[in-house]
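J.: Input file: structure08.txt. Contents: compact mmCIF, N, CA and C atoms.
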# COMPACT_ATOMS: atom_id res chain seq x y z
N MET A 1 5.38 -11.87 5.84
CA MET A 1 4.53 -11.40 6.92
C MET A 1 4.54 -12.46 8.02
N SER A 2 4.71 -12.03 9.24
CA SER A 2 4.77 -12.95 10.36
C SER A 2 3.41 -13.56 10.64
N ASP A 3 3.40 -14.67 11.39
CA ASP A 3 2.15 -15.33 11.76
C ASP A 3 1.24 -14.39 12.54
N LYS A 4 1.83 -13.54 13.37
CA LYS A 4 1.04 -12.59 14.16
C LYS A 4 0.20 -11.69 13.25
N TYR A 5 0.81 -11.21 12.17
CA TYR A 5 0.11 -10.30 11.28
C TYR A 5 -0.82 -11.05 10.33
N LYS A 6 -0.47 -12.27 9.95
CA LYS A 6 -1.39 -13.09 9.16
C LYS A 6 -2.67 -13.33 9.94
N GLU A 7 -2.53 -13.61 11.23
CA GLU A 7 -3.70 -13.84 12.08
C GLU A 7 -4.56 -12.58 12.16
N ALA A 8 -3.91 -11.42 12.25
CA ALA A 8 -4.65 -10.16 12.36
C ALA A 8 -5.52 -9.92 11.13
N PHE A 9 -5.01 -10.28 9.95
CA PHE A 9 -5.75 -10.04 8.71
C PHE A 9 -6.66 -11.20 8.32
N PHE A 10 -6.20 -12.44 8.56
CA PHE A 10 -6.90 -13.59 8.00
C PHE A 10 -7.40 -14.60 9.03
N GLY A 11 -7.17 -14.35 10.30
CA GLY A 11 -7.54 -15.31 11.33
C GLY A 11 -9.03 -15.37 11.59
N LYS A 12 -9.40 -16.19 12.58
CA LYS A 12 -10.81 -16.38 12.92
C LYS A 12 -11.41 -15.10 13.50
N ASN A 13 -10.60 -14.31 14.16
CA ASN A 13 -11.07 -13.05 14.75
C ASN A 13 -10.19 -11.89 14.25
N PRO A 14 -10.29 -11.59 12.95
CA PRO A 14 -9.41 -10.55 12.42
C PRO A 14 -9.72 -9.20 13.04
N LYS A 15 -8.65 -8.42 13.23
CA LYS A 15 -8.79 -7.06 13.73
C LYS A 15 -9.16 -6.16 12.56
N SER A 16 -9.55 -4.97 12.89
CA SER A 16 -9.79 -4.03 11.80
C SER A 16 -8.49 -3.83 11.05
N ILE A 17 -8.61 -3.54 9.78
CA ILE A 17 -7.41 -3.38 8.96
C ILE A 17 -6.54 -2.25 9.49
N ASN A 18 -7.14 -1.15 9.96
CA ASN A 18 -6.33 -0.04 10.47
C ASN A 18 -5.65 -0.39 11.78
N GLU A 19 -6.31 -1.14 12.62
CA GLU A 19 -5.68 -1.60 13.86
C GLU A 19 -4.47 -2.47 13.54
N SER A 20 -4.60 -3.32 12.53
CA SER A 20 -3.48 -4.16 12.11
C SER A 20 -2.36 -3.33 11.51
N ARG A 21 -2.71 -2.30 10.76
CA ARG A 21 -1.69 -1.41 10.19
C ARG A 21 -0.90 -0.72 11.30
N ILE A 22 -1.61 -0.24 12.30
CA ILE A 22 -0.94 0.44 13.42
C ILE A 22 0.01 -0.52 14.14
N GLU A 23 -0.43 -1.74 14.34
CA GLU A 23 0.47 -2.73 14.95
C GLU A 23 1.70 -2.94 14.08
N TYR A 24 1.49 -2.92 12.78
CA TYR A 24 2.62 -3.11 11.86
C TYR A 24 3.59 -1.92 11.94
N PHE A 25 3.07 -0.69 12.04
CA PHE A 25 3.94 0.48 12.21
C PHE A 25 4.82 0.29 13.45
N LYS A 26 4.19 -0.15 14.53
CA LYS A 26 4.93 -0.36 15.78
C LYS A 26 5.97 -1.46 15.61
N TYR A 27 5.60 -2.52 14.91
CA TYR A 27 6.52 -3.63 14.64
C TYR A 27 7.74 -3.14 13.85
N LEU A 28 7.50 -2.27 12.87
CA LEU A 28 8.59 -1.72 12.07
C LEU A 28 9.43 -0.71 12.83
N ASN A 29 8.91 -0.27 13.99
CA ASN A 29 9.60 0.73 14.81
C ASN A 29 9.85 2.02 14.03
N LEU A 30 8.81 2.44 13.30
CA LEU A 30 8.92 3.67 12.52
C LEU A 30 8.95 4.88 13.45
N ASP A 31 9.86 5.78 13.18
CA ASP A 31 10.03 6.97 14.00
C ASP A 31 9.35 8.15 13.32
N PHE A 32 8.29 8.65 13.92
CA PHE A 32 7.57 9.81 13.40
C PHE A 32 7.86 11.07 14.19
N LYS A 33 8.58 10.95 15.32
CA LYS A 33 8.81 12.11 16.19
C LYS A 33 9.55 13.20 15.43
N ASN A 34 9.02 14.41 15.53
CA ASN A 34 9.60 15.59 14.88
C ASN A 34 9.74 15.45 13.37
N LYS A 35 8.95 14.56 12.78
CA LYS A 35 8.98 14.36 11.33
C LYS A 35 7.79 15.09 10.70
N LYS A 36 8.03 15.64 9.54
CA LYS A 36 6.96 16.22 8.75
C LYS A 36 6.34 15.07 7.96
N VAL A 37 5.08 14.72 8.30
CA VAL A 37 4.43 13.53 7.76
C VAL A 37 3.24 13.92 6.88
N LEU A 38 3.13 13.26 5.73
CA LEU A 38 1.97 13.39 4.87
C LEU A 38 1.22 12.07 4.88
N GLU A 39 -0.05 12.12 5.25
CA GLU A 39 -0.92 10.95 5.16
C GLU A 39 -1.79 11.13 3.92
N THR A 40 -1.56 10.31 2.89
CA THR A 40 -2.36 10.41 1.67
C THR A 40 -3.61 9.57 1.79
N GLY A 41 -4.68 10.01 1.14
CA GLY A 41 -5.93 9.26 1.16
C GLY A 41 -6.50 9.10 2.55
N ALA A 42 -6.48 10.17 3.33
CA ALA A 42 -6.89 10.09 4.74
C ALA A 42 -8.36 9.72 4.92
N GLY A 43 -9.20 10.06 3.94
CA GLY A 43 -10.62 9.73 4.06
C GLY A 43 -11.29 10.49 5.20
N GLY A 44 -12.48 10.07 5.58
CA GLY A 44 -13.22 10.78 6.60
C GLY A 44 -13.26 10.11 7.95
N VAL A 45 -12.65 8.93 8.07
CA VAL A 45 -12.75 8.15 9.31
C VAL A 45 -11.72 8.59 10.34
N GLY A 46 -10.47 8.69 9.95
CA GLY A 46 -9.46 9.22 10.85
C GLY A 46 -8.74 8.23 11.75
N ASP A 47 -8.93 6.92 11.54
CA ASP A 47 -8.24 5.95 12.40
C ASP A 47 -6.73 6.12 12.35
N LEU A 48 -6.18 6.15 11.15
CA LEU A 48 -4.73 6.32 11.04
C LEU A 48 -4.31 7.73 11.40
N THR A 49 -5.13 8.72 11.04
CA THR A 49 -4.82 10.11 11.37
C THR A 49 -4.67 10.26 12.88
N GLN A 50 -5.58 9.69 13.63
CA GLN A 50 -5.51 9.80 15.08
C GLN A 50 -4.25 9.15 15.63
N TYR A 51 -3.83 8.04 15.04
CA TYR A 51 -2.57 7.41 15.46
C TYR A 51 -1.40 8.34 15.14
N PHE A 52 -1.35 8.87 13.91
CA PHE A 52 -0.23 9.74 13.53
C PHE A 52 -0.15 10.96 14.44
N LEU A 53 -1.29 11.48 14.86
CA LEU A 53 -1.30 12.63 15.76
C LEU A 53 -0.67 12.32 17.12
N THR A 54 -0.66 11.05 17.52
CA THR A 54 0.02 10.69 18.76
C THR A 54 1.53 10.58 18.55
N GLN A 55 1.95 10.59 17.29
CA GLN A 55 3.35 10.38 16.97
C GLN A 55 4.09 11.63 16.49
N THR A 56 3.36 12.60 15.94
CA THR A 56 3.99 13.81 15.41
C THR A 56 3.03 14.98 15.50
N ASP A 57 3.58 16.16 15.61
CA ASP A 57 2.73 17.36 15.56
C ASP A 57 2.90 18.07 14.22
N LYS A 58 3.51 17.39 13.27
CA LYS A 58 3.75 17.95 11.94
C LYS A 58 3.05 17.10 10.87
N LEU A 59 1.78 16.84 11.08
CA LEU A 59 1.01 16.00 10.17
C LEU A 59 0.22 16.85 9.19
N THR A 60 0.30 16.48 7.92
CA THR A 60 -0.53 17.05 6.86
C THR A 60 -1.34 15.91 6.29
N ILE A 61 -2.62 16.14 6.07
CA ILE A 61 -3.45 15.09 5.50
C ILE A 61 -3.84 15.44 4.07
N ASN A 62 -4.08 14.40 3.31
CA ASN A 62 -4.51 14.54 1.92
C ASN A 62 -5.72 13.66 1.69
N ASP A 63 -6.66 14.18 0.96
CA ASP A 63 -7.74 13.38 0.39
C ASP A 63 -8.22 14.13 -0.84
N GLY A 64 -8.66 13.41 -1.84
CA GLY A 64 -9.09 14.04 -3.08
C GLY A 64 -10.42 14.74 -2.98
N ARG A 65 -11.13 14.54 -1.88
CA ARG A 65 -12.46 15.13 -1.72
C ARG A 65 -12.52 16.03 -0.49
N GLN A 66 -12.93 17.26 -0.70
CA GLN A 66 -13.05 18.20 0.41
C GLN A 66 -14.04 17.70 1.46
N GLU A 67 -15.12 17.04 1.03
CA GLU A 67 -16.11 16.55 2.00
C GLU A 67 -15.50 15.50 2.93
N ASN A 68 -14.54 14.72 2.45
CA ASN A 68 -13.85 13.76 3.33
C ASN A 68 -12.96 14.48 4.34
N ILE A 69 -12.29 15.53 3.89
CA ILE A 69 -11.47 16.33 4.81
C ILE A 69 -12.35 16.93 5.90
N ASP A 70 -13.49 17.51 5.50
CA ASP A 70 -14.41 18.12 6.47
C ASP A 70 -14.92 17.08 7.47
N LYS A 71 -15.27 15.91 6.98
CA LYS A 71 -15.75 14.84 7.86
C LYS A 71 -14.64 14.40 8.82
N LEU A 72 -13.41 14.32 8.32
CA LEU A 72 -12.28 13.93 9.16
C LEU A 72 -12.08 14.95 10.28
N PHE A 73 -12.15 16.23 9.97
CA PHE A 73 -11.99 17.26 10.99
C PHE A 73 -13.07 17.13 12.06
N THR A 74 -14.28 16.82 11.65
CA THR A 74 -15.37 16.61 12.61
C THR A 74 -15.08 15.38 13.46
N THR A 75 -14.61 14.31 12.83
CA THR A 75 -14.33 13.05 13.53
C THR A 75 -13.25 13.22 14.59
N ILE A 76 -12.15 13.92 14.22
CA ILE A 76 -11.03 14.04 15.16
C ILE A 76 -11.15 15.27 16.05
N GLY A 77 -12.10 16.15 15.75
CA GLY A 77 -12.35 17.30 16.60
C GLY A 77 -11.37 18.44 16.46
N LYS A 78 -10.64 18.48 15.36
CA LYS A 78 -9.72 19.59 15.13
C LYS A 78 -9.36 19.66 13.66
N GLU A 79 -8.82 20.79 13.25
CA GLU A 79 -8.36 20.96 11.88
C GLU A 79 -6.86 20.80 11.82
N LEU A 80 -6.38 20.34 10.68
CA LEU A 80 -4.96 20.12 10.44
C LEU A 80 -4.59 20.72 9.09
N PRO A 81 -3.31 20.91 8.86
CA PRO A 81 -2.91 21.26 7.49
C PRO A 81 -3.37 20.15 6.55
N TYR A 82 -3.87 20.53 5.39
CA TYR A 82 -4.36 19.51 4.45
C TYR A 82 -4.22 20.00 3.02
N ASN A 83 -4.41 19.07 2.10
CA ASN A 83 -4.52 19.39 0.69
C ASN A 83 -5.50 18.42 0.05
N THR A 84 -6.03 18.82 -1.09
CA THR A 84 -6.95 17.97 -1.84
C THR A 84 -6.36 17.65 -3.22
N TRP A 85 -5.06 17.39 -3.21
CA TRP A 85 -4.39 17.05 -4.47
C TRP A 85 -5.03 15.86 -5.13
N ASP A 86 -5.08 15.90 -6.45
CA ASP A 86 -5.40 14.71 -7.23
C ASP A 86 -4.11 13.90 -7.30
N LEU A 87 -4.07 12.77 -6.63
CA LEU A 87 -2.84 12.00 -6.52
C LEU A 87 -2.41 11.36 -7.84
N ASN A 88 -3.27 11.40 -8.84
CA ASN A 88 -2.86 10.95 -10.17
C ASN A 88 -1.87 11.93 -10.81
N GLU A 89 -1.88 13.17 -10.31
CA GLU A 89 -1.07 14.22 -10.92
C GLU A 89 -0.19 14.99 -9.94
N ALA A 90 -0.39 14.80 -8.66
CA ALA A 90 0.27 15.63 -7.66
C ALA A 90 1.79 15.54 -7.72
N VAL A 91 2.42 16.69 -7.68
CA VAL A 91 3.87 16.79 -7.57
C VAL A 91 4.15 17.69 -6.38
N ILE A 92 4.95 17.20 -5.46
CA ILE A 92 5.27 17.98 -4.26
C ILE A 92 6.39 18.97 -4.59
N ARG A 93 6.13 20.23 -4.31
CA ARG A 93 7.14 21.26 -4.56
C ARG A 93 8.33 21.05 -3.64
N GLU A 94 9.47 21.49 -4.09
CA GLU A 94 10.72 21.34 -3.33
C GLU A 94 10.59 21.90 -1.92
N ASP A 95 9.93 23.05 -1.77
CA ASP A 95 9.82 23.67 -0.45
C ASP A 95 8.72 23.05 0.41
N ASP A 96 7.98 22.08 -0.12
CA ASP A 96 6.93 21.40 0.63
C ASP A 96 7.28 19.94 0.94
N LYS A 97 8.52 19.56 0.78
CA LYS A 97 8.90 18.16 0.98
C LYS A 97 8.52 17.66 2.37
N PHE A 98 8.26 16.36 2.44
CA PHE A 98 7.92 15.68 3.68
C PHE A 98 9.02 14.72 4.04
N ASP A 99 9.21 14.50 5.35
CA ASP A 99 10.16 13.49 5.79
C ASP A 99 9.60 12.09 5.52
N VAL A 100 8.30 11.94 5.79
CA VAL A 100 7.64 10.64 5.71
C VAL A 100 6.33 10.80 4.94
N ILE A 101 6.06 9.88 4.03
CA ILE A 101 4.77 9.85 3.33
C ILE A 101 4.16 8.48 3.56
N MET A 102 2.95 8.50 4.12
CA MET A 102 2.22 7.27 4.44
C MET A 102 1.04 7.14 3.48
N SER A 103 0.97 6.03 2.78
CA SER A 103 -0.10 5.81 1.79
C SER A 103 -0.65 4.40 1.96
N PHE A 104 -1.90 4.31 2.36
CA PHE A 104 -2.54 3.00 2.55
C PHE A 104 -3.88 2.98 1.85
N GLY A 105 -4.11 1.94 1.07
CA GLY A 105 -5.40 1.74 0.43
C GLY A 105 -5.73 2.75 -0.65
N ILE A 106 -4.72 3.31 -1.30
CA ILE A 106 -5.05 4.29 -2.34
C ILE A 106 -4.58 3.88 -3.73
N LEU A 107 -3.59 3.02 -3.83
CA LEU A 107 -3.01 2.72 -5.14
C LEU A 107 -4.06 2.21 -6.12
N TYR A 108 -4.99 1.41 -5.67
CA TYR A 108 -5.98 0.86 -6.59
C TYR A 108 -6.97 1.92 -7.08
N HIS A 109 -6.98 3.10 -6.44
CA HIS A 109 -7.84 4.19 -6.88
C HIS A 109 -7.21 4.99 -8.03
N LEU A 110 -5.92 4.82 -8.24
CA LEU A 110 -5.18 5.67 -9.17
C LEU A 110 -5.08 5.08 -10.56
N HIS A 111 -5.10 5.96 -11.56
CA HIS A 111 -4.95 5.52 -12.96
C HIS A 111 -3.52 5.07 -13.23
N ARG A 112 -2.56 5.76 -12.64
CA ARG A 112 -1.14 5.46 -12.85
C ARG A 112 -0.42 5.44 -11.50
N PRO A 113 -0.56 4.35 -10.73
CA PRO A 113 0.10 4.31 -9.43
C PRO A 113 1.62 4.45 -9.53
N ASP A 114 2.19 4.05 -10.66
CA ASP A 114 3.63 4.19 -10.84
C ASP A 114 4.05 5.66 -10.84
N ILE A 115 3.26 6.51 -11.46
CA ILE A 115 3.57 7.94 -11.49
C ILE A 115 3.37 8.54 -10.10
N PHE A 116 2.33 8.11 -9.39
CA PHE A 116 2.12 8.56 -8.01
C PHE A 116 3.34 8.24 -7.17
N ILE A 117 3.81 7.00 -7.22
CA ILE A 117 4.96 6.59 -6.41
C ILE A 117 6.19 7.41 -6.78
N GLU A 118 6.41 7.61 -8.07
CA GLU A 118 7.56 8.41 -8.52
C GLU A 118 7.46 9.85 -8.01
N ASN A 119 6.28 10.46 -8.14
CA ASN A 119 6.10 11.85 -7.70
C ASN A 119 6.24 11.98 -6.18
N MET A 120 5.68 11.04 -5.44
CA MET A 120 5.79 11.10 -3.98
C MET A 120 7.24 10.89 -3.53
N ALA A 121 7.95 10.00 -4.19
CA ALA A 121 9.34 9.74 -3.84
C ALA A 121 10.19 11.01 -3.99
N LYS A 122 9.88 11.80 -4.99
CA LYS A 122 10.60 13.06 -5.20
C LYS A 122 10.31 14.06 -4.08
N GLY A 123 9.16 13.92 -3.45
CA GLY A 123 8.77 14.84 -2.38
C GLY A 123 8.99 14.31 -0.98
N CYS A 124 9.77 13.24 -0.88
CA CYS A 124 9.99 12.57 0.41
C CYS A 124 11.48 12.48 0.70
N SER A 125 11.87 12.94 1.88
CA SER A 125 13.30 12.94 2.20
C SER A 125 13.77 11.72 3.00
N GLU A 126 12.84 10.97 3.64
CA GLU A 126 13.28 9.84 4.45
C GLU A 126 12.69 8.52 4.00
N TYR A 127 11.37 8.34 4.21
CA TYR A 127 10.78 7.07 3.77
C TYR A 127 9.31 7.19 3.46
N MET A 128 8.88 6.28 2.56
CA MET A 128 7.48 6.16 2.18
C MET A 128 7.01 4.77 2.59
N VAL A 129 5.80 4.71 3.14
CA VAL A 129 5.21 3.42 3.51
C VAL A 129 3.84 3.37 2.90
Represent the structure from my file as structure tokens, please.

T.:
Amino acid sequence: MSDKYKEAFFGKNPKSINESRIEYFKYLNLDFKNKKVLETGAGGVGDLTQYFLTQTDKLTINDGRQENIDKLFTTIGKELPYNTWDLNEAVIREDDKFDVIMSFGILYHLHRPDIFIENMAKGCSEYMV
């Protein structure tokens, strides 16, 4: 991790973690244009969701709780395609594959993160972050 990003997370004036993540996406030069993107563990805040919406019009969000999805829709002021898959068990069907799967801050919530990663990889055609 570069000094710039270490400062963002651990410096005297750390930025919000999502602001730092967005800077990191830009640093990686990730291309979301015209990509079918799944944001897992979207929660109810929508910081990353709002960023992804500036990058693609093919965003699907996931959260294990319907109340978080509802709160997110209120926060961002619109509804999006979504699912409430249990990520401990979710398997993406062949006809529902995503180009990009974005997962931040969810692995520690899962009983078997290794199975989650394996299942998501099967449902992803380009890259997972």

J.: Considering all atoms listed in the file, state which residue in the set A:Asn29, A:Leu107, A:Thr49, A:Glu39 is at the smallest distance from Ile76 of chain A.

T.: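 Of the candidates, the smallest distance to Ile76 of chain A is held by A:Thr49.
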
J.: Step one, run DSSP on the backbone; step two, keep only residues of segment 26-60 of chain A assigned to alpha helix (DSSP H); then write them as a ChimeraX atom specification.

T.: /A:26-28,47-55

J.: Using only C-alpha atoms, which of A:Gly64, A:Gly105, A:Pro113, A:Gly123 sits nearest Leu48 of chain A?

T.: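 Nearest candidate to Leu48 of chain A out of A:Gly64, A:Gly105, A:Pro113, A:Gly123: A:Gly105.
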
J.: Atom N of Arg112 of chain A to atom CA of Leu87 of chain A: how many Å, to one decimal?

T.: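 We find that atom N of Arg112 of chain A and atom CA of Leu87 of chain A lie 8.7 Å from each other.
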
J.: Suppose you want the space between atom CA of Tyr24 of chain A and atom CA of Val129 of chain A; what is it in Å?

T.: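 Pair atom CA of Tyr24 of chain A / atom CA of Val129 of chain A returns 10.9 Å.
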
J.: Atom CA of Asp63 of chain A and atom CA of Lys26 of chain A are how many Å apart?

T.: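 Value for the atom CA of Asp63 of chain A-atom CA of Lys26 of chain A distance: 24.2 Å.
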
J.: Please report, as a list in words, each residue of segment 70-103 of chain A to which DSSP assigns strand (DSSP E or B) when run on this structure's backbone.

T.: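 In segment 70-103 of chain A, DSSP puts these residues in strand (DSSP E or B): Tyr82, Asn83, Phe98, Asp99, Val100, Ile101, Met102 and Ser103 of chain A.
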
J.: Using only N, CA and C atoms, which residue out of A:Asp99, A:Lys35, A:Asn62, A:Glu89 lies closest to His111 of chain A?

T.: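 Closest residue, counting only N, CA and C atoms: A:Glu89.
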
J.: Pick out the closest residue to Asn88 of chain A from this set: A:Tyr127, A:Gly41, A:Phe52, A:Glu67. Count only C-alpha atoms.

T.: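 Closest to Asn88 of chain A of all the choices is A:Gly41.
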
J.: Given 6 Å on each side, where is the centre and what are the edge lengths in Å to one decimal of the axis-aligned box enclosing the listed atoms of segment 106-112 of chain A, as JSON?

T.:
{"center_x": -4.1, "center_y": 3.4, "center_z": -7.3, "size_x": 19.4, "size_y": 17.1, "size_z": 23.9}

J.: Taking 5 positions as the minimum chain separation for residues in the same chain, which residues sit within 8 Å of Thr60 of chain A when counting all atoms listed in the file? Answer as a PyMOL selection string.

T.: chain A and resi 36-40+80-83

J.: I need the residue nearest Trp85 of chain A from this list: A:Lys122, A:Phe104, A:Ile22, A:Ile61. Use only N, CA and C atoms for the distance.

T.: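 Of the candidates, the smallest distance to Trp85 of chain A is held by A:Ile61.
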
J.: Every residue with an atom at most 6.5 Å from (6.3, 17.7, -3.2) (file coordinates; all atoms listed in the file) is what I'm after, so could you write them as an mmCIF file with N, CA and C atoms, in the coordinates of the input?

T.:
data_model
loop_
_atom_site.group_PDB
_atom_site.id
_atom_site.type_symbol
_atom_site.label_atom_id
_atom_site.label_comp_id
_atom_site.auth_asym_id
_atom_site.auth_seq_id
_atom_site.Cartn_x
_atom_site.Cartn_y
_atom_site.Cartn_z
ATOM 1 N N VAL A 91 2.420 16.690 -7.680
ATOM 2 C CA VAL A 91 3.870 16.790 -7.570
ATOM 3 C C VAL A 91 4.150 17.690 -6.380
ATOM 4 N N ILE A 92 4.950 17.200 -5.460
ATOM 5 C CA ILE A 92 5.270 17.980 -4.260
ATOM 6 C C ILE A 92 6.390 18.970 -4.590
ATOM 7 N N ARG A 93 6.130 20.230 -4.310
ATOM 8 C CA ARG A 93 7.140 21.260 -4.560
ATOM 9 C C ARG A 93 8.330 21.050 -3.640
ATOM 10 N N GLU A 94 9.470 21.490 -4.090
ATOM 11 C CA GLU A 94 10.720 21.340 -3.330
ATOM 12 C C GLU A 94 10.590 21.900 -1.920
ATOM 13 N N ASP A 96 7.980 22.080 -0.120
ATOM 14 C CA ASP A 96 6.930 21.400 0.630
ATOM 15 C C ASP A 96 7.280 19.940 0.940
ATOM 16 N N LYS A 97 8.520 19.560 0.780
ATOM 17 C CA LYS A 97 8.900 18.160 0.980
ATOM 18 C C LYS A 97 8.520 17.660 2.370
ATOM 19 N N PHE A 98 8.260 16.360 2.440
ATOM 20 C CA PHE A 98 7.920 15.680 3.680
ATOM 21 C C PHE A 98 9.020 14.720 4.040
ATOM 22 N N ASN A 119 6.280 10.460 -8.140
ATOM 23 C CA ASN A 119 6.100 11.850 -7.700
ATOM 24 C C ASN A 119 6.240 11.980 -6.180
ATOM 25 N N LYS A 122 9.880 11.800 -4.990
ATOM 26 C CA LYS A 122 10.600 13.060 -5.200
ATOM 27 C C LYS A 122 10.310 14.060 -4.080
ATOM 28 N N GLY A 123 9.160 13.920 -3.450
ATOM 29 C CA GLY A 123 8.770 14.840 -2.380
ATOM 30 C C GLY A 123 8.990 14.310 -0.980
ATOM 31 N N CYS A 124 9.770 13.240 -0.880
ATOM 32 C CA CYS A 124 9.990 12.570 0.410
ATOM 33 C C CYS A 124 11.480 12.480 0.700
#

J.: Which of these, A:Val45, A:Ser125, A:Ser16, A:Arg21, has the shortest distance to Thr75 of chain A once you count only N, CA and C atoms?

T.: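 Of A:Val45, A:Ser125, A:Ser16, A:Arg21, the one nearest Thr75 of chain A is A:Val45, counting only N, CA and C atoms.
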
J.: Extract segment 114-121 of chain A from the coordinates I pasted, and write it as a compact mmCIF listing (two decimals), in the first residue's frame (atoms kept: all heavy atoms).

T.:
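out-v4.txt, freshly written:
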# COMPACT_ATOMS: atom_id res chain seq x y z
N ASP A 114 -14.23 -18.56 2.46
CA ASP A 114 -13.62 -19.28 1.34
C ASP A 114 -14.69 -19.76 0.35
O ASP A 114 -14.51 -19.67 -0.86
CB ASP A 114 -12.76 -20.45 1.83
CG ASP A 114 -13.53 -21.43 2.71
OD1 ASP A 114 -14.43 -21.01 3.48
OD2 ASP A 114 -13.20 -22.63 2.66
N ILE A 115 -15.81 -20.23 0.87
CA ILE A 115 -16.89 -20.69 0.00
C ILE A 115 -17.54 -19.50 -0.71
O ILE A 115 -17.87 -19.57 -1.90
CB ILE A 115 -17.93 -21.52 0.78
CG1 ILE A 115 -17.27 -22.83 1.20
CG2 ILE A 115 -19.20 -21.74 -0.02
CD1 ILE A 115 -18.13 -23.75 2.02
N PHE A 116 -17.70 -18.39 0.01
CA PHE A 116 -18.22 -17.17 -0.62
C PHE A 116 -17.34 -16.77 -1.80
O PHE A 116 -17.85 -16.51 -2.90
CB PHE A 116 -18.28 -16.03 0.41
CG PHE A 116 -18.39 -14.67 -0.22
CD1 PHE A 116 -19.59 -14.24 -0.75
CD2 PHE A 116 -17.30 -13.83 -0.31
CE1 PHE A 116 -19.70 -12.98 -1.35
CE2 PHE A 116 -17.40 -12.58 -0.90
CZ PHE A 116 -18.60 -12.16 -1.42
N ILE A 117 -16.04 -16.71 -1.60
CA ILE A 117 -15.12 -16.30 -2.66
C ILE A 117 -15.21 -17.26 -3.84
O ILE A 117 -15.29 -16.84 -5.00
CB ILE A 117 -13.68 -16.18 -2.13
CG1 ILE A 117 -13.60 -14.99 -1.16
CG2 ILE A 117 -12.69 -16.02 -3.28
CD1 ILE A 117 -12.31 -14.92 -0.36
N GLU A 118 -15.26 -18.54 -3.55
CA GLU A 118 -15.37 -19.55 -4.62
C GLU A 118 -16.68 -19.38 -5.40
O GLU A 118 -16.68 -19.38 -6.63
CB GLU A 118 -15.30 -20.94 -4.00
CG GLU A 118 -15.35 -22.06 -5.01
CD GLU A 118 -15.26 -23.42 -4.35
OE1 GLU A 118 -14.39 -23.60 -3.47
OE2 GLU A 118 -16.08 -24.29 -4.70
N ASN A 119 -17.79 -19.22 -4.69
CA ASN A 119 -19.09 -19.06 -5.35
C ASN A 119 -19.16 -17.77 -6.16
O ASN A 119 -19.70 -17.76 -7.27
CB ASN A 119 -20.22 -19.10 -4.33
CG ASN A 119 -20.45 -20.49 -3.78
OD1 ASN A 119 -20.06 -21.49 -4.39
ND2 ASN A 119 -21.08 -20.57 -2.63
N MET A 120 -18.64 -16.68 -5.63
CA MET A 120 -18.66 -15.42 -6.36
C MET A 120 -17.76 -15.49 -7.59
O MET A 120 -18.12 -14.98 -8.65
CB MET A 120 -18.24 -14.25 -5.46
CG MET A 120 -19.20 -13.91 -4.35
SD MET A 120 -20.85 -13.38 -4.88
CE MET A 120 -21.84 -14.82 -4.39
N ALA A 121 -16.63 -16.14 -7.47
CA ALA A 121 -15.72 -16.27 -8.61
C ALA A 121 -16.39 -17.00 -9.78
O ALA A 121 -16.21 -16.63 -10.95
CB ALA A 121 -14.44 -16.98 -8.20
